[in-house]
>>> print(open('input34.txt').read())   # compact mmCIF, C-alpha atoms
# COMPACT_ATOMS: atom_id res chain seq x y z
CA MET A 13 1.26 -31.73 32.38
CA GLY A 14 0.82 -32.36 28.70
CA HIS A 15 2.34 -33.53 25.47
CA LEU A 16 2.09 -31.67 22.14
CA ILE A 17 2.72 -33.66 18.95
CA GLY A 18 2.42 -32.64 15.31
CA ASN A 19 1.87 -29.24 13.77
CA ASP A 20 -1.71 -28.42 14.72
CA TYR A 21 -0.63 -26.55 17.84
CA LEU A 22 1.74 -24.46 15.72
CA GLN A 23 -1.18 -23.28 13.60
CA GLU A 24 -3.15 -22.51 16.75
CA HIS A 25 -0.21 -20.54 18.10
CA LEU A 26 -0.13 -18.43 14.92
CA VAL A 27 -3.62 -17.20 15.79
CA THR A 28 -2.42 -16.28 19.28
CA VAL A 29 0.53 -14.41 17.79
CA ALA A 30 -1.84 -12.65 15.38
CA LYS A 31 -3.90 -11.40 18.33
CA ASN A 32 -0.75 -9.95 19.90
CA ILE A 33 0.16 -8.30 16.60
CA VAL A 34 -3.27 -6.67 16.43
CA LEU A 35 -2.54 -5.18 19.86
CA ALA A 36 0.69 -3.76 18.41
CA ILE A 37 -1.26 -2.31 15.47
CA LYS A 38 -3.62 -0.56 17.87
CA LYS A 39 -0.66 0.75 19.87
CA ALA A 40 1.28 2.05 16.85
CA PRO A 41 2.33 5.71 17.19
CA MET A 42 0.55 8.09 14.84
CA ILE A 43 1.34 11.49 13.41
CA THR A 44 -2.25 12.72 13.62
CA GLY A 45 -3.64 10.62 16.45
CA ARG A 46 -6.94 10.66 14.55
CA THR A 47 -6.78 7.69 12.20
CA PRO A 48 -8.78 4.70 13.42
CA ILE A 49 -7.05 1.50 12.29
CA GLU A 50 -9.09 -1.65 11.71
CA ALA A 51 -7.65 -5.14 11.94
CA GLU A 52 -9.16 -8.58 11.44
CA ILE A 53 -7.67 -12.06 11.74
CA ILE A 54 -8.55 -14.63 9.08
CA TRP A 55 -7.38 -18.24 9.12
CA GLY A 56 -8.19 -21.81 8.14
CA GLU A 57 -10.63 -22.33 5.28
CA ASP A 58 -11.69 -18.68 5.55
CA ILE A 59 -8.57 -17.66 3.61
CA VAL A 60 -9.83 -19.58 0.55
CA PRO A 61 -11.92 -16.64 -0.78
CA ILE A 62 -8.84 -14.43 -0.56
CA ILE A 63 -6.81 -16.94 -2.58
CA ASP A 64 -9.63 -17.37 -5.10
CA VAL A 65 -9.77 -13.63 -5.84
CA ILE A 66 -6.00 -13.40 -6.21
CA GLU A 67 -5.91 -16.29 -8.71
CA PRO A 68 -7.18 -14.46 -11.83
CA VAL A 69 -5.04 -11.39 -11.08
CA ALA A 70 -2.00 -13.68 -10.91
CA LYS A 71 -2.43 -14.40 -14.63
CA ALA A 72 -1.64 -10.77 -15.46
CA ALA A 73 0.72 -9.68 -12.68
CA ARG A 74 3.86 -11.67 -11.97
CA TYR A 75 4.38 -10.42 -8.42
CA VAL A 76 0.80 -11.43 -7.66
CA GLN A 77 1.53 -14.83 -9.21
CA TRP A 78 4.31 -15.32 -6.67
CA ASP A 79 1.94 -14.47 -3.81
CA TYR A 80 -0.79 -16.72 -5.20
CA GLN A 81 1.52 -19.70 -5.65
CA THR A 82 2.89 -19.30 -2.12
CA LEU A 83 -0.45 -18.86 -0.35
CA LYS A 84 -2.19 -21.64 -2.27
CA GLY A 85 0.80 -23.97 -1.98
CA CYS A 86 0.92 -23.54 1.79
CA TYR A 87 -2.84 -24.06 2.06
CA ASP A 88 -2.75 -27.20 -0.08
CA LYS A 89 0.04 -28.61 2.10
CA GLY A 90 -2.13 -28.22 5.17
CA GLU A 91 -0.07 -25.27 6.40
CA PRO A 92 -2.44 -22.34 5.80
CA PRO A 93 -1.06 -18.94 6.76
CA VAL A 94 -2.94 -16.73 9.16
CA ILE A 95 -3.84 -13.41 7.55
CA ILE A 96 -4.25 -10.12 9.38
CA GLY A 97 -6.29 -7.65 7.36
CA ILE A 98 -5.27 -4.07 8.18
CA GLY A 99 -7.33 -1.10 7.05
CA ALA A 100 -8.05 2.57 7.62
CA LYS A 101 -10.34 5.29 6.32
CA VAL A 102 -8.15 7.96 4.80
CA ASP A 103 -10.42 9.72 2.31
CA ARG A 104 -11.59 12.35 4.79
CA SER A 105 -9.62 14.87 6.82
CA ASP A 106 -10.73 16.24 10.17
CA LEU A 107 -7.35 17.85 10.77
CA GLY A 108 -7.82 21.36 9.41
CA TRP A 109 -4.09 21.61 8.73
CA ASN A 110 -4.59 22.79 5.12
CA CYS A 111 -1.13 21.48 4.22
CA GLY A 112 -1.87 20.95 0.52
CA ALA A 113 -0.14 17.56 0.33
CA CYS A 114 -3.32 16.00 -1.07
CA GLY A 115 -3.31 18.46 -3.97
CA PHE A 116 -6.02 20.74 -2.57
CA SER A 117 -5.49 24.06 -0.84
CA THR A 118 -7.66 23.23 2.15
CA CYS A 119 -8.96 20.17 3.96
CA ARG A 120 -12.49 21.38 3.21
CA GLU A 121 -11.83 21.35 -0.55
CA PHE A 122 -10.29 17.89 -0.25
CA ASN A 123 -13.26 16.53 1.71
CA LYS A 124 -15.75 17.93 -0.78
CA TYR A 125 -13.94 16.39 -3.74
CA ALA A 126 -13.31 13.06 -1.98
CA LYS A 127 -16.96 12.75 -1.02
CA GLU A 128 -18.04 13.03 -4.66
CA ASN A 129 -15.10 11.22 -6.28
CA SER A 130 -14.13 8.25 -4.17
CA GLY A 131 -11.67 6.04 -6.00
CA GLY A 132 -11.65 2.28 -6.35
CA GLY A 133 -9.00 -0.40 -6.36
CA GLN A 134 -6.73 -1.39 -3.53
CA LEU A 135 -5.84 2.08 -2.25
CA GLY A 136 -8.79 4.09 -3.50
CA GLY A 137 -8.11 7.78 -3.29
CA PRO A 138 -7.89 10.65 -3.05
CA CYS A 139 -6.26 10.29 0.36
CA CYS A 140 -5.20 12.53 3.21
CA ASN A 141 -1.44 12.02 3.16
CA TRP A 142 -1.13 12.35 6.93
CA LYS A 143 -3.69 9.62 7.54
CA LEU A 144 -2.06 7.45 4.91
CA LEU A 145 1.21 7.84 6.82
CA ASP A 146 -0.58 6.72 10.00
CA PHE A 147 -1.82 3.65 8.15
CA GLY A 148 1.69 2.88 6.91
CA ILE A 149 3.09 3.19 10.43
CA ALA A 150 0.49 0.74 11.75
CA CYS A 151 1.43 -1.75 9.02
CA ASP A 152 5.12 -1.30 9.87
CA TRP A 153 4.43 -2.03 13.51
CA ALA A 154 2.52 -5.15 12.54
CA CYS A 155 5.46 -6.48 10.53
CA ALA A 156 8.00 -5.59 13.21
CA SER A 157 5.88 -7.28 15.86
CA ALA A 158 5.64 -10.45 13.78
CA TRP A 159 9.42 -10.63 13.49
CA GLN A 160 9.74 -10.13 17.25
CA TYR A 161 7.69 -13.30 17.63
CA LYS A 162 10.02 -15.03 15.13
CA VAL A 163 7.10 -15.66 12.77
CA ASP A 164 7.76 -15.56 9.05
CA ASN A 165 5.59 -12.90 7.47
CA ARG A 166 5.05 -10.58 4.55
CA ILE A 167 2.76 -7.61 4.03
CA MET A 168 0.94 -8.05 0.71
CA GLY A 169 -0.78 -5.64 -1.61
CA SER A 170 -2.27 -8.61 -3.45
CA VAL A 171 -4.07 -9.69 -0.29
CA GLY A 172 -5.11 -6.08 0.25
CA PHE A 173 -6.69 -6.09 -3.22
CA SER A 174 -8.57 -9.26 -2.33
CA LEU A 175 -9.75 -7.81 0.99
CA MET A 176 -11.02 -4.76 -0.87
CA ALA A 177 -12.82 -6.81 -3.52
CA LEU A 178 -14.49 -9.04 -0.91
CA ASN A 179 -15.36 -6.03 1.27
CA TYR A 180 -13.53 -7.17 4.36
CA LEU A 181 -12.96 -4.27 6.77
CA PRO A 182 -15.96 -2.43 5.29
CA ASN A 183 -15.27 0.84 7.12
CA SER A 184 -11.81 1.16 5.54
CA ASN A 185 -10.84 2.33 2.08
CA VAL A 186 -7.16 1.36 2.20
CA LYS A 187 -6.29 -2.24 3.02
CA LEU A 188 -3.24 -4.48 3.19
CA GLY A 189 -2.88 -8.07 4.31
CA LEU A 190 -0.15 -9.44 6.58
CA ALA A 191 0.43 -13.16 6.03
CA LEU A 192 1.85 -15.04 9.04
CA GLY A 193 3.53 -18.44 8.92
CA PRO A 194 3.55 -21.32 8.37
CA ALA A 195 6.27 -22.42 10.77
CA ARG A 196 9.12 -22.43 8.26
CA ASP A 197 11.92 -20.02 7.43
CA MET A 198 11.75 -17.47 4.60
CA VAL A 199 8.37 -18.68 3.32
CA TYR A 200 7.70 -15.44 1.43
CA TYR A 201 11.26 -14.71 0.35
CA SER A 202 12.80 -18.03 -0.72
CA ARG A 203 9.28 -19.12 -1.76
CA GLU A 204 9.73 -22.88 -1.61
CA GLU A 205 6.28 -23.36 -3.18
CA MET A 206 7.61 -21.91 -6.44
CA HIS A 207 10.78 -23.99 -6.68
CA LYS A 208 11.15 -25.88 -9.96
CA LYS A 209 7.87 -24.52 -11.27
CA PHE A 210 9.58 -22.61 -14.09
CA THR A 211 12.48 -23.18 -16.48
CA TYR A 212 15.62 -21.07 -16.23
CA GLU A 213 14.58 -19.05 -19.28
CA GLU A 214 11.13 -18.42 -17.80
CA GLU A 215 12.69 -17.32 -14.52
CA LYS A 216 15.09 -14.98 -16.32
CA THR A 217 12.36 -13.44 -18.45
CA ASP A 218 10.16 -13.14 -15.37
CA MET A 219 12.81 -11.21 -13.47
CA LEU A 220 13.59 -8.95 -16.43
CA LYS A 221 9.93 -8.01 -16.75
CA SER A 222 9.21 -7.70 -13.03
CA VAL A 223 12.27 -5.78 -11.84
CA PRO A 224 13.77 -4.27 -15.03
CA THR A 225 15.74 -1.62 -13.17
CA MET A 226 18.01 -4.35 -11.79
CA PHE A 227 19.18 -5.18 -15.30
CA THR A 228 19.68 -1.77 -16.90
CA CYS A 229 22.90 0.00 -17.70
CA PHE A 230 23.18 3.74 -17.17
CA PRO A 231 19.88 5.17 -18.49
CA GLY A 232 21.01 8.78 -18.64
CA ASN A 233 21.36 8.82 -22.42
CA GLY A 234 17.61 8.29 -22.70
CA ASN A 235 17.97 4.90 -24.37
CA PRO A 236 18.50 2.38 -21.54
CA MET A 237 20.47 -0.74 -22.41
CA TYR A 238 19.41 -4.08 -20.91
CA LYS A 239 21.73 -6.74 -19.53
CA THR A 240 19.69 -9.69 -20.77
CA LYS A 241 22.58 -12.14 -21.31
CA ASP A 242 26.14 -12.80 -20.19
CA ASP A 243 27.70 -10.90 -23.10
CA TRP A 244 25.07 -8.16 -22.93
CA TRP A 245 27.15 -5.79 -25.05
CA ALA A 246 27.39 -8.02 -28.15
CA PRO A 247 25.07 -6.89 -29.56
CA PRO A 248 23.36 -4.63 -27.02
CA GLU A 249 19.61 -4.72 -26.38
CA PHE A 250 17.57 -1.68 -25.47
CA MET A 251 14.40 -1.14 -23.50
CA ASP A 252 11.48 -0.98 -25.91
CA VAL A 253 8.26 0.06 -24.21
CA LYS A 254 5.14 -0.17 -26.35
CA TYR A 255 1.43 -0.07 -25.67
CA SER A 256 -0.19 -3.44 -26.23
CA GLU A 257 -3.91 -3.33 -26.87
CA ALA A 258 -4.16 -7.12 -26.61
CA SER A 259 -2.48 -7.12 -23.20
CA MET A 260 -4.72 -4.31 -21.99
CA ASP A 261 -7.84 -6.14 -23.20
CA ALA A 262 -6.74 -9.29 -21.38
CA TYR A 263 -6.11 -7.31 -18.20
CA GLN A 264 -9.50 -5.58 -18.42
CA LYS A 265 -11.20 -8.97 -18.80
CA ILE A 266 -9.49 -10.22 -15.65
CA VAL A 267 -10.35 -7.16 -13.57
CA TYR A 268 -13.92 -6.66 -14.78
CA GLU A 269 -15.02 -10.24 -15.46
CA GLN A 270 -12.94 -12.90 -13.74
CA VAL A 271 -12.35 -11.11 -10.43
CA PRO A 272 -16.08 -10.30 -9.98
CA GLU A 273 -16.90 -13.94 -10.71
CA ALA A 274 -14.58 -15.04 -7.91
CA VAL A 275 -15.96 -12.38 -5.58
CA MET A 276 -19.59 -13.38 -6.15
CA LYS A 277 -18.90 -16.91 -4.90
CA HIS A 278 -18.00 -15.63 -1.44
CA VAL A 279 -19.13 -12.06 -0.85
CA ASP A 280 -22.61 -12.84 0.54
CA LYS A 281 -21.20 -15.09 3.24
CA ILE A 282 -18.59 -12.51 4.19
CA SER A 283 -21.01 -9.57 4.26
CA ALA A 284 -23.44 -11.61 6.40
CA ARG A 285 -20.85 -11.70 9.18
CA TYR A 286 -20.75 -7.93 9.40
CA LYS A 287 -24.55 -7.71 9.38
CA LYS A 288 -24.64 -10.22 12.22
CA GLU A 289 -22.23 -8.10 14.26
CA LYS A 290 -24.52 -5.08 13.93
>>> encode(input="input34.txt", output="structure tokens")
Amino acid sequence: MGHLIGNDYLQEHLVTVAKNIVLAIKKAPMITGRTPIEAEIIWGEDIVPIIDVIEPVAKAARYVQWDYQTLKGCYDKGEPPVIIGIGAKVDRSDLGWNCGACGFSTCREFNKYAKENSGGGQLGGPCCNWKLLDFGIACDWACASAWQYKVDNRIMGSVGFSLMALNYLPNSNVKLGLALGPARDMVYYSREEMHKKFTYEEEKTDMLKSVPTMFTCFPGNGNPMYKTKDDWWAPPEFMDVKYSEASMDAYQKIVYEQVPEAVMKHVDKISARYKKEK
């Protein structure tokens, strides 16, 4: 017998669901059968470092801003999502298929180059395309499993960037984060946490900049026209893409100064956990 009241048990159940999703990740069918997939479950106050690292990036990337506002808003409401970090090591090939999809004639050439020229960022590179497909399949299975449990979720590159910066899943060089819950509908699609945060004009400008292809006329003449207003033809406006040194400088400052500052606040504590496991 028992009696459950409030929302605490819902948060606890999200962790249970996350464990079942990790089982699905491990069971995901693979093309190669040789791509070890890592998965970790992060919840409660342990998601704060992830949010902290995303915050400066949100200033420069609007899609990341949406993720940041949603994750932080849920956390501040006392409804923190549970995050599943998913990763794989895809910068080596033990296949010997010599398919050339990576850009090299043989797997041996690819391995030699990748060993000496490992990339950075969220997805690193160069990558074995077959192993990257395996990683994508595992992420797909994670999302599908979450929906089977009727848990609102979204796979996030922004969280993957944060996991990479904080060195979660240290044996992986590609990482994505699956956010689960809270127990509401369409958390990451209607994004209640962002409602009434911007004016109509800000929202319109935001959408034009973030998904410009949704507002273009036929671009085949090489001079794409934008539908930026109701009477978009009078007079017409055209896409004008220019390099902005000021914008690039601001972005570089975020990536090379503000993100490392956020990382340094948390990375020792996170790395200590992996040392303890060894």
>>> atom_distance(input="input34.txt", atom1="CA of Gly56 in chain A", atom2="CA of Thr82 in chain A")
15.3 Å
>>> atom_distance(input="input34.txt", atom1="CA of Gly97 in chain A", atom2="CA of Met219 in chain A")
28.5 Å
>>> residues_near_point(input="input34.txt", point="(-3.9, -2.2, 16.7)", cutoff="10 Å", atoms="all atoms listed in the file", output="PyMOL selection string")
chain A and resi 31-40+48-52+98+150-151+153-154
>>> atom_distance(input="input34.txt", atom1="CA of Gly90 in chain A", atom2="CA of Ala177 in chain A")
25.5 Å
>>> closest_residue(input="input34.txt", among="A:Asn179, A:Ser117, A:Ser222, A:Thr211", to="Val275 in chain A", atoms="all atoms listed in the file")
A:Asn179
>>> residues_around(input="input34.txt", residues="range 196-210 of chain A", least_positions_apart="5", cutoff="12 Å", atoms="only C-alpha atoms", output="number ranges by chain")
A: 19, 22-23, 75, 77-89, 91-93, 159, 162-168, 190-191, 215-219
>>> write_last_selection(input="input34.txt", atoms="C-alpha atoms", output="compact mmCIF listing (two decimals), in the coordinates of the input")
# COMPACT_ATOMS: atom_id res chain seq x y z
CA ASN A 19 1.87 -29.24 13.77
CA LEU A 22 1.74 -24.46 15.72
CA GLN A 23 -1.18 -23.28 13.60
CA TYR A 75 4.38 -10.42 -8.42
CA GLN A 77 1.53 -14.83 -9.21
CA TRP A 78 4.31 -15.32 -6.67
CA ASP A 79 1.94 -14.47 -3.81
CA TYR A 80 -0.79 -16.72 -5.20
CA GLN A 81 1.52 -19.70 -5.65
CA THR A 82 2.89 -19.30 -2.12
CA LEU A 83 -0.45 -18.86 -0.35
CA LYS A 84 -2.19 -21.64 -2.27
CA GLY A 85 0.80 -23.97 -1.98
CA CYS A 86 0.92 -23.54 1.79
CA TYR A 87 -2.84 -24.06 2.06
CA ASP A 88 -2.75 -27.20 -0.08
CA LYS A 89 0.04 -28.61 2.10
CA GLU A 91 -0.07 -25.27 6.40
CA PRO A 92 -2.44 -22.34 5.80
CA PRO A 93 -1.06 -18.94 6.76
CA TRP A 159 9.42 -10.63 13.49
CA LYS A 162 10.02 -15.03 15.13
CA VAL A 163 7.10 -15.66 12.77
CA ASP A 164 7.76 -15.56 9.05
CA ASN A 165 5.59 -12.90 7.47
CA ARG A 166 5.05 -10.58 4.55
CA ILE A 167 2.76 -7.61 4.03
CA MET A 168 0.94 -8.05 0.71
CA LEU A 190 -0.15 -9.44 6.58
CA ALA A 191 0.43 -13.16 6.03
CA GLU A 215 12.69 -17.32 -14.52
CA LYS A 216 15.09 -14.98 -16.32
CA THR A 217 12.36 -13.44 -18.45
CA ASP A 218 10.16 -13.14 -15.37
CA MET A 219 12.81 -11.21 -13.47
>>> closest_residue(input="input34.txt", among="A:Gly115, A:Pro224, A:Gly14, A:Gly99", to="Ile53 in chain A", atoms="only C-alpha atoms")
A:Gly99
>>> residues_near_point(input="input34.txt", point="(-2.9, 16.5, 8.4)", cutoff="8 Å", atoms="all atoms listed in the file", output="ChimeraX atom specification")
/A:44,105,107-111,140-143
>>> closest_residue(input="input34.txt", among="A:Ile95, A:Val271, A:Leu175, A:Val223", to="Lys71 in chain A", atoms="all atoms listed in the file")
A:Val271
